[in-house]
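Q: My structure is in run-v6.txt, and what it holds is compact mmCIF, C-alpha atoms:
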# COMPACT_ATOMS: atom_id res chain seq x y z
CA MET A 1 109.23 174.04 -35.23
CA LYS A 2 112.49 175.63 -36.29
CA THR A 3 115.67 174.75 -34.48
CA LYS A 4 119.39 174.86 -35.15
CA ASP A 5 120.11 171.87 -32.96
CA PRO A 6 121.27 169.23 -35.52
CA GLU A 7 120.39 166.36 -33.24
CA LEU A 8 116.87 167.64 -32.78
CA ARG A 9 116.49 168.26 -36.51
CA MET A 10 117.74 164.76 -37.26
CA ALA A 11 115.39 163.34 -34.60
CA ILE A 12 112.48 165.03 -36.40
CA LYS A 13 113.57 163.48 -39.71
CA LEU A 14 113.89 160.10 -38.00
CA GLN A 15 110.43 160.37 -36.56
CA GLY A 16 109.08 161.08 -40.02
CA CYS A 17 110.82 158.02 -41.45
CA LEU A 18 109.59 155.73 -38.72
CA GLU A 19 106.04 157.01 -39.11
CA ARG A 20 106.17 156.45 -42.89
CA ARG A 21 107.45 152.91 -42.38
CA GLN A 22 104.82 152.12 -39.78
CA ALA A 23 102.22 153.12 -42.33
CA VAL A 24 103.38 150.15 -44.39
CA PRO A 25 102.39 146.73 -43.00
CA ASP A 26 105.35 145.40 -41.14
CA ASP A 27 106.30 141.77 -41.31
CA PRO A 28 109.06 141.03 -38.81
CA LEU A 29 108.24 137.36 -39.00
CA HIS A 30 109.26 137.42 -42.68
CA ALA A 31 112.71 138.78 -41.80
CA ALA A 32 113.16 136.20 -39.07
CA ILE A 33 112.15 133.32 -41.33
CA GLN A 34 114.55 134.58 -44.00
CA GLY A 35 117.32 134.53 -41.44
CA ALA A 36 116.51 130.94 -40.48
CA LEU A 37 116.32 129.92 -44.15
CA SER A 38 119.78 131.30 -44.87
CA TYR A 39 121.23 129.16 -42.07
CA ALA A 40 119.30 126.14 -43.37
CA GLN A 41 120.64 126.63 -46.90
CA THR A 42 124.21 126.84 -45.62
CA LEU A 43 123.60 123.72 -43.55
CA GLU A 44 122.40 121.87 -46.65
CA GLN A 45 125.50 122.84 -48.59
CA GLN A 46 127.78 121.75 -45.77
CA LEU A 47 125.94 118.45 -45.47
CA HIS A 48 126.55 117.80 -49.15
CA CYS A 49 130.26 118.59 -48.68
CA HIS A 50 130.38 116.19 -45.76
CA GLU A 51 128.84 113.42 -47.84
CA VAL A 52 131.33 114.00 -50.65
CA ALA A 53 134.26 113.95 -48.24
CA ARG A 54 133.11 110.70 -46.64
CA ARG A 55 132.38 109.05 -49.96
CA ARG A 56 135.85 109.89 -51.26
CA GLY A 57 137.59 108.86 -48.08
CA TRP A 58 138.81 112.39 -47.26
CA LEU A 59 138.74 111.80 -43.53
CA SER A 60 140.44 115.01 -42.43
CA ALA A 61 138.13 117.09 -44.58
CA ALA A 62 135.13 115.18 -43.26
CA VAL A 63 136.11 115.96 -39.66
CA LEU A 64 136.52 119.64 -40.48
CA VAL A 65 133.18 119.86 -42.27
CA GLN A 66 131.48 118.02 -39.41
CA GLU A 67 132.64 120.74 -37.01
CA ARG A 68 131.11 123.34 -39.29
CA LEU A 69 127.93 121.31 -39.58
CA THR A 70 127.56 121.21 -35.80
CA HIS A 71 128.10 124.94 -35.51
CA GLN A 72 125.66 125.68 -38.31
CA LEU A 73 123.03 123.43 -36.77
CA ARG A 74 123.24 125.38 -33.52
CA GLN A 75 122.92 128.61 -35.49
CA LEU A 76 119.84 127.27 -37.25
CA HIS A 77 118.27 126.20 -33.96
CA ARG A 78 118.80 129.63 -32.53
CA SER A 79 117.44 131.42 -35.58
CA VAL A 80 114.33 129.23 -35.65
CA THR A 81 113.73 130.03 -31.99
CA ASP A 82 114.04 133.72 -32.79
CA ALA A 83 111.62 133.34 -35.70
CA VAL A 84 109.09 131.57 -33.47
CA ASN A 85 109.38 134.43 -31.00
CA GLN A 86 108.36 136.76 -33.80
CA ILE A 87 105.02 135.01 -34.08
CA HIS A 88 104.04 136.59 -30.80
CA PRO A 89 106.12 139.76 -30.55
CA VAL A 90 106.86 140.42 -26.93
CA SER A 91 108.34 143.88 -27.19
CA ALA A 92 106.80 145.94 -24.43
CA LEU A 93 108.46 149.25 -25.14
CA PRO A 94 106.14 152.13 -25.85
CA GLN A 95 106.54 153.83 -29.21
CA GLN A 96 109.54 156.11 -29.32
CA THR A 97 108.66 159.76 -28.90
CA LEU A 98 110.55 162.65 -30.44
CA ARG A 99 112.27 163.05 -27.09
CA ASP A 100 113.31 159.38 -27.16
CA LEU A 101 114.75 159.73 -30.68
CA TYR A 102 116.61 162.86 -29.61
CA ASP A 103 118.03 160.95 -26.65
CA GLU A 104 119.01 158.12 -29.01
CA LEU A 105 121.13 160.50 -31.08
CA ARG A 106 122.70 162.00 -27.96
CA GLN A 107 123.55 158.54 -26.72
CA LEU A 108 125.02 157.65 -30.11
CA SER A 109 127.53 160.49 -29.69
CA ARG A 110 128.55 159.04 -26.34
CA GLU A 111 128.92 155.49 -27.62
CA PHE A 112 131.03 156.38 -30.67
CA SER A 113 133.95 158.80 -30.75
CA GLU A 114 132.78 160.33 -34.01
CA VAL A 115 129.20 160.81 -35.15
CA ASP A 116 128.01 162.81 -38.15
CA LEU A 117 124.46 163.91 -38.86
CA ASP A 118 123.98 164.74 -42.55
CA LEU A 119 120.59 166.39 -42.55
CA LYS A 120 120.60 167.07 -46.27
CA ALA A 121 121.39 163.50 -47.30
CA GLY A 122 119.45 162.01 -44.41
CA VAL A 123 122.35 159.91 -43.17
CA VAL A 124 123.46 159.21 -39.61
CA THR A 125 127.09 158.10 -39.48
CA ALA A 126 129.04 156.61 -36.61
CA VAL A 127 132.74 155.81 -36.89
CA THR A 128 134.14 152.71 -35.23
CA GLU A 129 137.51 152.47 -33.59
CA ASP A 130 140.30 150.72 -35.49
CA ILE A 131 139.45 147.07 -35.94
CA GLU A 132 141.94 144.24 -35.92
CA LEU A 133 140.84 140.63 -36.21
CA LYS A 134 143.22 137.73 -35.62
CA GLY A 135 146.19 140.02 -36.14
CA TYR A 136 144.89 141.46 -39.43
CA TYR A 137 144.50 145.22 -39.31
CA LEU A 138 141.31 146.34 -41.07
CA GLY A 139 141.16 149.99 -40.02
CA SER A 140 138.12 151.91 -38.86
CA PHE A 141 134.73 151.86 -40.52
CA GLU A 142 131.84 154.23 -41.01
CA ILE A 143 128.47 152.78 -40.12
CA LYS A 144 125.96 154.80 -42.13
CA LEU A 145 122.23 154.66 -41.49
CA HIS A 146 120.25 155.82 -44.53
CA LEU A 147 116.94 157.32 -43.46
CA ALA A 148 115.48 156.87 -46.93
CA ARG A 149 115.96 153.11 -46.55
CA LEU A 150 114.67 153.15 -42.98
CA ALA A 151 111.42 154.63 -44.26
CA LYS A 152 110.82 151.39 -46.13
CA LEU A 153 112.75 148.69 -44.29
CA ALA A 154 113.74 147.63 -40.82
CA ASP A 155 116.75 145.36 -41.30
CA SER A 156 120.51 145.61 -41.65
CA SER A 157 120.21 146.68 -45.29
CA VAL A 158 119.44 150.20 -44.08
CA PHE A 159 123.09 150.36 -43.12
CA GLU A 160 126.10 150.93 -45.30
CA VAL A 161 129.56 150.09 -43.94
CA ILE A 162 132.49 151.97 -45.47
CA ALA A 163 136.15 151.27 -44.69
CA LEU A 164 137.98 154.51 -43.91
CA ASP A 165 141.44 152.93 -44.16
CA PRO A 166 140.75 150.00 -46.47
CA HIS A 167 142.81 146.86 -46.11
CA PRO A 168 140.71 144.64 -48.36
CA ALA A 169 141.20 140.99 -49.09
CA ALA A 170 143.90 140.38 -51.68
CA SER A 171 141.51 138.27 -53.74
CA ASN A 172 138.61 140.72 -53.70
CA SER A 173 138.97 144.46 -53.21
CA GLU A 174 135.26 144.79 -52.44
CA VAL A 175 135.66 142.74 -49.26
CA THR A 176 137.02 145.20 -46.69
CA HIS A 177 136.02 143.06 -43.73
CA PRO A 178 135.35 139.31 -43.57
CA HIS A 179 131.62 140.10 -43.23
CA VAL A 180 131.40 143.23 -45.38
CA ARG A 181 131.28 143.20 -49.17
CA ASP A 182 130.72 146.24 -51.34
CA GLY A 183 129.50 148.26 -48.36
CA GLU A 184 126.95 145.67 -47.32
CA VAL A 185 127.32 143.84 -44.04
CA CYS A 186 125.93 140.40 -43.46
CA ALA A 187 124.72 140.69 -39.90
CA GLY A 188 124.48 136.97 -39.15
CA ASP A 189 123.46 136.54 -35.50
CA ALA A 190 122.71 140.26 -35.28
CA THR A 191 120.06 140.11 -38.01
CA VAL A 192 117.07 139.71 -35.72
CA PRO A 193 118.15 142.05 -32.88
CA ILE A 194 118.99 144.76 -35.44
CA ALA A 195 115.59 144.34 -37.09
CA SER A 196 113.86 144.52 -33.70
CA ALA A 197 115.82 147.60 -32.71
CA LEU A 198 115.14 149.43 -35.95
CA ARG A 199 111.48 148.57 -35.86
CA GLU A 200 111.20 150.15 -32.42
CA GLY A 201 113.35 153.14 -33.24
CA ARG A 202 116.18 151.97 -30.95
CA LEU A 203 118.92 153.26 -33.20
CA VAL A 204 121.76 152.96 -30.71
CA ASP A 205 121.01 149.29 -30.11
CA ALA A 206 121.14 148.72 -33.87
CA PHE A 207 124.42 150.63 -34.26
CA LEU A 208 125.99 148.83 -31.29
CA ALA A 209 124.92 145.42 -32.56
CA LEU A 210 126.42 146.18 -35.98
CA ASN A 211 129.59 147.44 -34.30
CA SER A 212 129.80 144.13 -32.44
CA VAL A 213 129.56 142.25 -35.74
CA LEU A 214 132.47 144.27 -37.10
CA HIS A 215 134.53 143.39 -34.03
CA THR A 216 133.89 139.67 -34.35
CA TYR A 217 135.28 137.15 -36.80
CA ASN A 218 133.11 134.20 -37.75
CA PRO A 219 135.49 131.71 -39.40
CA HIS A 220 132.59 129.52 -40.52
CA SER A 221 130.97 132.03 -42.84
CA PRO A 222 133.11 134.93 -44.09
CA PHE A 223 133.09 136.46 -47.56
CA VAL A 224 136.85 135.90 -47.49
CA ALA A 225 138.55 134.00 -44.67
CA LEU A 226 141.27 135.85 -42.78
CA ASP A 227 143.68 133.01 -43.52
CA ASP A 228 143.29 133.97 -47.18
CA TRP A 229 143.32 137.72 -46.58
CA GLU A 230 146.83 138.58 -47.68
CA GLY A 231 149.03 137.45 -50.51
CA THR A 232 149.40 137.99 -54.20
CA PRO A 233 146.82 136.35 -56.43
CA CYS A 234 148.29 134.21 -59.19
CA ALA A 235 147.50 135.88 -62.51
CA ASP A 236 146.55 132.48 -63.94
CA CYS A 237 144.75 130.32 -61.37
CA GLY A 238 143.92 133.07 -58.86
CA ASP A 239 145.33 131.24 -55.82
CA LEU A 240 146.92 133.50 -53.22
CA ILE A 241 150.68 133.27 -53.02
CA ASP A 242 152.88 134.21 -50.08
CA GLY A 243 155.52 136.84 -50.76
CA ASP A 244 158.38 134.39 -51.27
CA GLY A 245 156.44 132.08 -53.51
CA THR A 246 155.72 134.42 -56.43
CA TYR A 247 157.29 134.02 -59.86
CA PHE A 248 157.55 137.07 -62.07
CA CYS A 249 156.92 136.57 -65.78
CA HIS A 250 159.35 138.59 -67.90
CA GLY A 251 156.89 138.56 -70.75
CA CYS A 252 153.57 139.85 -69.41
CA GLU A 253 155.18 141.19 -66.18
CA ARG A 254 152.65 139.57 -63.85
CA ASP A 255 153.04 137.31 -60.81
CA PHE A 256 152.35 133.59 -60.91
CA CYS A 257 152.40 130.68 -58.50
CA ASP A 258 154.81 127.78 -58.67
CA ASP A 259 152.33 125.61 -60.55
CA CYS A 260 151.53 128.18 -63.22
CA ALA A 261 155.06 129.53 -63.76
CA SER A 262 157.47 128.02 -66.24
CA ALA A 263 160.83 128.84 -67.86
CA CYS A 264 162.28 129.25 -71.32
CA ASP A 265 164.20 126.11 -72.26
CA ILE A 266 166.73 128.21 -74.16
CA CYS A 267 167.62 131.13 -71.88
CA GLY A 268 166.17 129.80 -68.60
CA ALA A 269 164.29 133.00 -67.73
CA THR A 270 160.94 132.71 -65.88
CA TYR A 271 157.80 133.07 -67.93
CA CYS A 272 154.17 132.05 -67.60
CA ARG A 273 152.92 129.34 -69.91
CA ALA A 274 151.05 131.82 -72.09
CA CYS A 275 154.26 133.71 -72.88
CA LEU A 276 156.08 130.57 -74.08
CA GLU A 277 155.60 128.81 -77.39
CA GLU A 278 156.84 125.39 -78.36
CA ASP A 279 159.22 124.54 -81.19
CA VAL A 280 157.53 121.29 -82.19
CA GLU A 281 160.69 119.95 -83.80
CA SER A 282 162.92 120.32 -80.76
CA GLY A 283 160.16 120.19 -78.15
CA HIS A 284 161.60 123.27 -76.43
CA GLN A 285 159.43 125.95 -74.83
CA CYS A 286 160.76 129.28 -76.06
CA CYS A 287 160.27 132.86 -74.94
CA ARG A 288 159.79 135.67 -77.43
CA GLU A 289 163.52 136.48 -77.34
CA CYS A 290 164.51 132.91 -78.14
CA ARG A 291 162.07 132.11 -80.93
CA ALA A 292 161.19 133.18 -84.41
CA ARG A 293 158.57 132.21 -86.92
CA CYS A 294 159.36 130.57 -90.25
CA ASN A 295 158.22 132.70 -93.15
CA ALA A 296 157.25 129.64 -95.14
CA CYS A 297 155.53 127.12 -92.83
CA ARG A 298 154.83 129.66 -90.08
CA ARG A 299 155.91 127.32 -87.29
CA ILE A 300 157.78 128.49 -84.21
CA VAL A 301 161.51 127.89 -84.40
CA GLU A 302 164.02 128.33 -81.66
CA THR A 303 166.55 130.96 -82.68
CA GLU A 304 169.47 128.57 -82.59
CA ASP A 305 167.94 126.67 -85.51
CA PHE A 306 166.48 129.65 -87.32
CA ASP A 307 168.18 131.00 -90.43
CA ARG A 308 167.93 134.77 -90.19
CA ASP A 309 169.09 135.44 -93.72
CA SER A 310 166.29 133.48 -95.31
CA GLY A 311 163.82 133.73 -92.44
CA LEU A 312 163.25 129.99 -92.68
CA CYS A 313 163.27 126.99 -90.40
CA PRO A 314 165.88 124.30 -91.16
CA GLN A 315 163.38 122.13 -92.97
CA CYS A 316 162.07 124.89 -95.22
CA LEU A 317 165.61 126.12 -95.85
CA GLU A 318 166.71 122.69 -96.99
CA LYS A 319 163.68 122.41 -99.18
CA GLN A 320 164.42 125.78 -100.70
CA ARG A 321 167.98 124.78 -101.46
CA GLU A 322 166.84 121.59 -103.11
CA GLU A 323 164.46 123.55 -105.27
CA GLU A 324 167.18 125.96 -106.22
CA ALA A 325 169.47 123.13 -107.08
CA ASN A 326 166.81 121.48 -109.21
CA GLN A 327 166.18 124.72 -111.05
CA ALA A 328 169.86 125.03 -111.91
CA ALA A 329 170.27 121.40 -113.15
CA PRO A 330 167.98 121.31 -116.36
CA ASN A 331 170.09 123.97 -118.33
CA HIS A 332 173.36 121.99 -118.10
CA PRO A 333 172.56 118.27 -118.49
CA ASN A 334 176.20 117.22 -119.29
CA LEU A 335 177.82 119.31 -116.76
CA SER A 336 180.29 116.51 -116.02
CA GLN A 337 181.46 116.40 -119.68
CA GLU A 338 182.22 120.12 -119.68
CA GLN A 339 184.23 119.70 -116.55
CA GLU A 340 186.18 116.92 -118.26
CA ILE A 341 186.85 119.06 -121.34
CA ASN A 342 188.14 121.89 -119.21
CA HIS A 343 190.25 119.47 -117.33
CA GLU A 344 191.64 118.10 -120.57
CA SER A 345 192.35 121.55 -121.97
CA ASN A 346 194.19 122.42 -118.84
CA ASP A 347 196.28 119.30 -119.22
CA HIS A 348 197.08 120.26 -122.82
CA GLN A 349 198.53 123.61 -121.76
CA ARG A 350 200.86 122.11 -119.22
CA PRO A 351 204.31 120.82 -120.16
CA ASP A 352 203.99 117.13 -120.53
CA ASP A 353 205.69 114.10 -122.17
CA ASP A 354 205.12 113.76 -125.88
CA GLY A 355 202.68 110.95 -125.69
CA ALA A 356 200.26 112.41 -123.19
CA GLU A 357 200.07 115.74 -124.89
CA SER A 358 199.33 114.32 -128.31
CA LYS A 359 196.74 112.03 -126.86
CA ALA A 360 195.03 114.83 -124.97
CA HIS A 361 194.95 116.99 -128.07
CA GLY A 362 193.44 114.25 -130.05
CA GLN A 363 190.75 113.59 -127.48
CA ALA A 364 189.87 117.29 -127.24
CA ALA A 365 189.45 117.44 -130.98
CA THR A 366 187.16 114.44 -130.84
CA ALA A 367 185.04 115.99 -128.07
CA GLY A 368 184.70 119.23 -129.96
CA ALA A 369 183.52 117.42 -133.06
CA ALA A 370 180.92 115.49 -131.01
CA ALA A 371 179.47 118.68 -129.48
CA MET B 372 108.66 147.14 -9.52
CA LYS B 373 108.48 147.03 -13.30
CA ILE B 374 111.41 147.81 -15.53
CA PHE B 375 112.17 147.47 -19.24
CA PHE B 376 114.79 144.88 -20.09
CA LEU B 377 116.27 144.96 -23.63
CA ASN B 378 118.31 141.89 -24.45
CA ASN B 379 120.06 142.34 -27.80
CA ASP B 380 121.63 138.91 -27.50
CA GLY B 381 119.23 136.77 -29.50
CA GLY B 382 115.80 138.07 -30.36
CA GLY B 383 116.49 141.62 -29.24
CA PHE B 384 113.10 142.13 -27.70
CA ALA B 385 112.12 144.49 -24.98
CA ASP B 386 110.46 142.86 -22.02
CA GLN B 387 108.70 144.63 -19.23
CA ILE B 388 109.66 142.57 -16.25
CA GLU B 389 108.98 142.56 -12.56
CA VAL B 390 111.98 142.84 -10.25
CA ALA B 391 112.24 143.15 -6.51
CA GLU B 392 112.74 146.54 -4.97
CA GLY B 393 116.43 147.21 -4.44
CA THR B 394 117.59 144.87 -7.16
CA THR B 395 120.95 146.02 -8.48
CA LEU B 396 122.07 145.98 -12.05
CA GLY B 397 124.55 143.18 -11.30
CA GLN B 398 121.84 141.06 -9.71
CA LEU B 399 119.50 141.61 -12.64
CA PHE B 400 122.23 140.53 -15.07
CA GLN B 401 122.88 137.33 -13.15
CA GLN B 402 119.16 136.54 -13.09
CA ARG B 403 118.46 137.25 -16.77
CA MET B 404 121.81 136.24 -18.27
CA PRO B 405 122.90 133.23 -16.23
CA GLY B 406 126.37 131.94 -17.01
CA CYS B 407 127.30 135.01 -19.05
CA ASP B 408 130.25 137.25 -18.30
CA PRO B 409 129.10 140.91 -17.99
CA HIS B 410 132.46 142.01 -19.41
CA ASN B 411 131.31 140.63 -22.77
CA TYR B 412 128.34 143.00 -22.87
CA LEU B 413 127.60 146.69 -23.15
CA ILE B 414 125.16 147.31 -20.31
CA ARG B 415 123.26 150.60 -20.17
CA VAL B 416 120.68 151.92 -17.76
CA ASN B 417 118.51 154.68 -19.22
CA ARG B 418 121.05 155.01 -22.04
CA GLN B 419 123.94 155.57 -19.63
CA PRO B 420 126.77 153.26 -18.55
CA ALA B 421 126.22 151.98 -15.03
CA VAL B 422 128.03 149.98 -12.38
CA ALA B 423 126.91 146.59 -11.16
CA GLU B 424 126.04 147.97 -7.73
CA GLU B 425 123.61 150.54 -9.10
CA PRO B 426 120.10 149.93 -7.80
CA LEU B 427 117.37 149.82 -10.39
CA THR B 428 114.39 152.15 -10.26
CA GLU B 429 110.77 151.86 -11.30
CA GLY B 430 110.35 152.12 -15.08
CA CYS B 431 114.04 152.25 -15.83
CA ARG B 432 115.31 150.85 -19.09
CA VAL B 433 118.16 148.33 -19.05
CA SER B 434 119.77 147.31 -22.34
CA VAL B 435 122.30 144.53 -22.82
CA THR B 436 124.25 144.24 -26.10
CA PRO B 437 126.99 141.66 -26.73
CA THR B 438 130.36 143.09 -27.69
CA LYS B 439 130.90 140.10 -29.97
CA ILE B 440 128.25 139.00 -32.46
CA GLN B 441 129.07 136.66 -35.31
CA GLY B 442 128.34 137.95 -38.75
CA ALA B 443 128.14 135.83 -41.87
CA ALA B 444 128.52 135.88 -45.60
CA ALA B 445 125.32 136.24 -47.54
CA LEU B 446 124.56 133.28 -49.79
CA ALA B 447 125.07 133.98 -53.46
As structure tokens - that is how I would like this structure written.
A:
Amino acid sequence: MKTKDPELRMAIKLQGCLERRQAVPDDPLHAAIQGALSYAQTLEQQLHCHEVARRRGWLSAAVLVQERLTHQLRQLHRSVTDAVNQIHPVSALPQQTLRDLYDELRQLSREFSEVDLDLKAGVVTAVTEDIELKGYYLGSFEIKLHLARLAKLADSSVFEVIALDPHPAASNSEVTHPHVRDGEVCAGDATVPIASALREGRLVDAFLALNSVLHTYNPHSPFVALDDWEGTPCADCGDLIDGDGTYFCHGCERDFCDDCASACDICGATYCRACLEEDVESGHQCCRECRARCNACRRIVETEDFDRDSGLCPQCLEKQREEEANQAAPNHPNLSQEQEINHESNDHQRPDDDGAESKAHGQAATAGAAA
Amino acid sequence: MKIFFLNNDGGGFADQIEVAEGTTLGQLFQQRMPGCDPHNYLIRVNRQPAVAEEPLTEGCRVSVTPTKIQGAAALA
């Protein structure tokens, strides 16, 4: 049957996918049990946190974790009930006909302002309205249903969620929504209804359920909490910093928090700890502008103590001078005698009384004979 | 009369249920979703939006989808 109607052509492709998937044994109970297990695992982790908080006397933290425990327990109860319902599936809908699938696509265009049917790629795309959660603007999203995945699976993994105007978490650019990471949505409470809808070919129900997930914030289980959505991550510890609390390192030119930032003890400029080095003699932390390295011992020296002419620290410079002095001393062992002779000869040349002059001359003659 | 009722809040199963002749959409919602506010749901009859006063017909399909569903973060 040839037709130019894109919705009809897409409905035909959909029918083919659903028929291929139905040829594979379906196990909706497996998906439901997996959903319950995920809640149980989270509950176990939170219980451990609660025990740690109580053991360490962190009463406020224990109260907070207890609230989460209660919420998670209710989630687990609900998911187990859903899983039990899967044991005896009660869906009474007849199998979707081609007409039904065609109507599904027509309805999709009414439910969403923008729908795209990519026949070549086998992708049905619906665009959400702009989403804002707790005052954080996240933009609109594309909800993409991949028919190739639908031919094998009937769960939320057949969907890809793409941010059209990304406002990702500051700490992780892959998290464009608290419940979307790297295009994959964690459907949470929508896991089972989406699986049921996809299994029965009720595409609109699956799209609407996913849209509801995107419009809801679950503070108990996000990839990144909205309270931590914005800010600048410290280049050292990774903690998010509010705008006024950042410290700019003049060395590596990155932003740091108050705990990880430091300052040069010489010039006072802000640097991170990695851009400062210590002069072990003075104990000062020095930036690259205020330090040098001794050519002899290779230690860091603050520039105020560094001798640029020799390229040495004070200790090595003194040592060098001592060595130089010692090298000069062996060639002139009676240096003091020579000085005395010169002194005496100078005295001889000066006008003097008769006695002193004769005496000086005599002494000089004696010294010359001794040498 | 028998109708199809699709509740996407929870298990998301389709039930074929018996309702009295003349039952309206609003009445059905109150019966099947006690204590819930209809404003928190997308309610469709035969894939079309409908008003609470609309009477249901034999074999019609009523779907109810919450506008708010809590997602989660997948465990690592």
Q: What gap, in Å, lies between atom CA of Cys17 of chain A and atom CA of Leu150 of chain A?
A: 6.4 Å
Q: Pick out the chain B residues within 12 Å of chain A. Count all atoms listed in the file. Give them as a count of residues only.
A: 44
Q: At a cut-off of 6 Å around the point (114.6, 159.2, -33.7) (file coordinates), what residues fall inside when counting all atoms listed in the file? I'd like the answer as a count of residues only.
A: 5
Q: Please measure the separation of atom CA of Thr97 of chain A and atom CA of Met372 of chain B, giving the value in Å to one decimal.
A: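 Computing the Euclidean distance for atom CA of Thr97 of chain A and atom CA of Met372 of chain B yields 23.1 Å.
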Q: In Å to one decimal, how far is atom CA of Val161 of chain A from atom CA of Glu230 of chain A?
A: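 Atom-to-atom, atom CA of Glu230 of chain A and atom CA of Val161 of chain A are spaced 21.1 Å apart.
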Q: Hey, what's within 9 Å of segment 116-120 of chain A if we count all atoms listed in the file and toss same-chain stuff fewer than 3 positions away? As a list in words, please?
A: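 Here the answer would be Pro6, Glu7, Arg9, Met10, Lys13, Ser109, Val123, Val124, Thr125, Ala126 and Val127 of chain A.
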Q: Neighbouring residues of Gly183 of chain A were defined as those with any atom within 10 Å, considering all atoms listed in the file; residues of the same chain fewer than 5 positions away were excluded. Please report them as a list in words.
A: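 The filter keeps Glu142, Ile143, Lys144, Ser157, Phe159, Glu160, Val161, Ile162, Ala163, Glu174, Val175, Thr176 and His177 of chain A.
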Q: Any chance you can output those residues with C-alpha atoms as a CSV table (one decimal), keeping the file's coordinate frame?
A:
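The resulting file, part17.csv, is reproduced below:
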chain,number,residue,atom,x,y,z
A,142,GLU,CA,131.8,154.2,-41.0
A,143,ILE,CA,128.5,152.8,-40.1
A,144,LYS,CA,126.0,154.8,-42.1
A,157,SER,CA,120.2,146.7,-45.3
A,159,PHE,CA,123.1,150.4,-43.1
A,160,GLU,CA,126.1,150.9,-45.3
A,161,VAL,CA,129.6,150.1,-43.9
A,162,ILE,CA,132.5,152.0,-45.5
A,163,ALA,CA,136.2,151.3,-44.7
A,174,GLU,CA,135.3,144.8,-52.4
A,175,VAL,CA,135.7,142.7,-49.3
A,176,THR,CA,137.0,145.2,-46.7
A,177,HIS,CA,136.0,143.1,-43.7
Q: For Ile12 of chain A, find every residue with an atom within 8 Å (counting only C-alpha atoms), except residues of its own chain fewer than 4 positions away, and show them as a tab-separated table (two decimals) with C-alpha atoms, in the coordinates of the input.
A:
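File around27.tsv, as written:
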chain	number	residue	atom	x	y	z
A	8	LEU	CA	116.87	167.64	-32.78
A	16	GLY	CA	109.08	161.08	-40.02
A	98	LEU	CA	110.55	162.65	-30.44
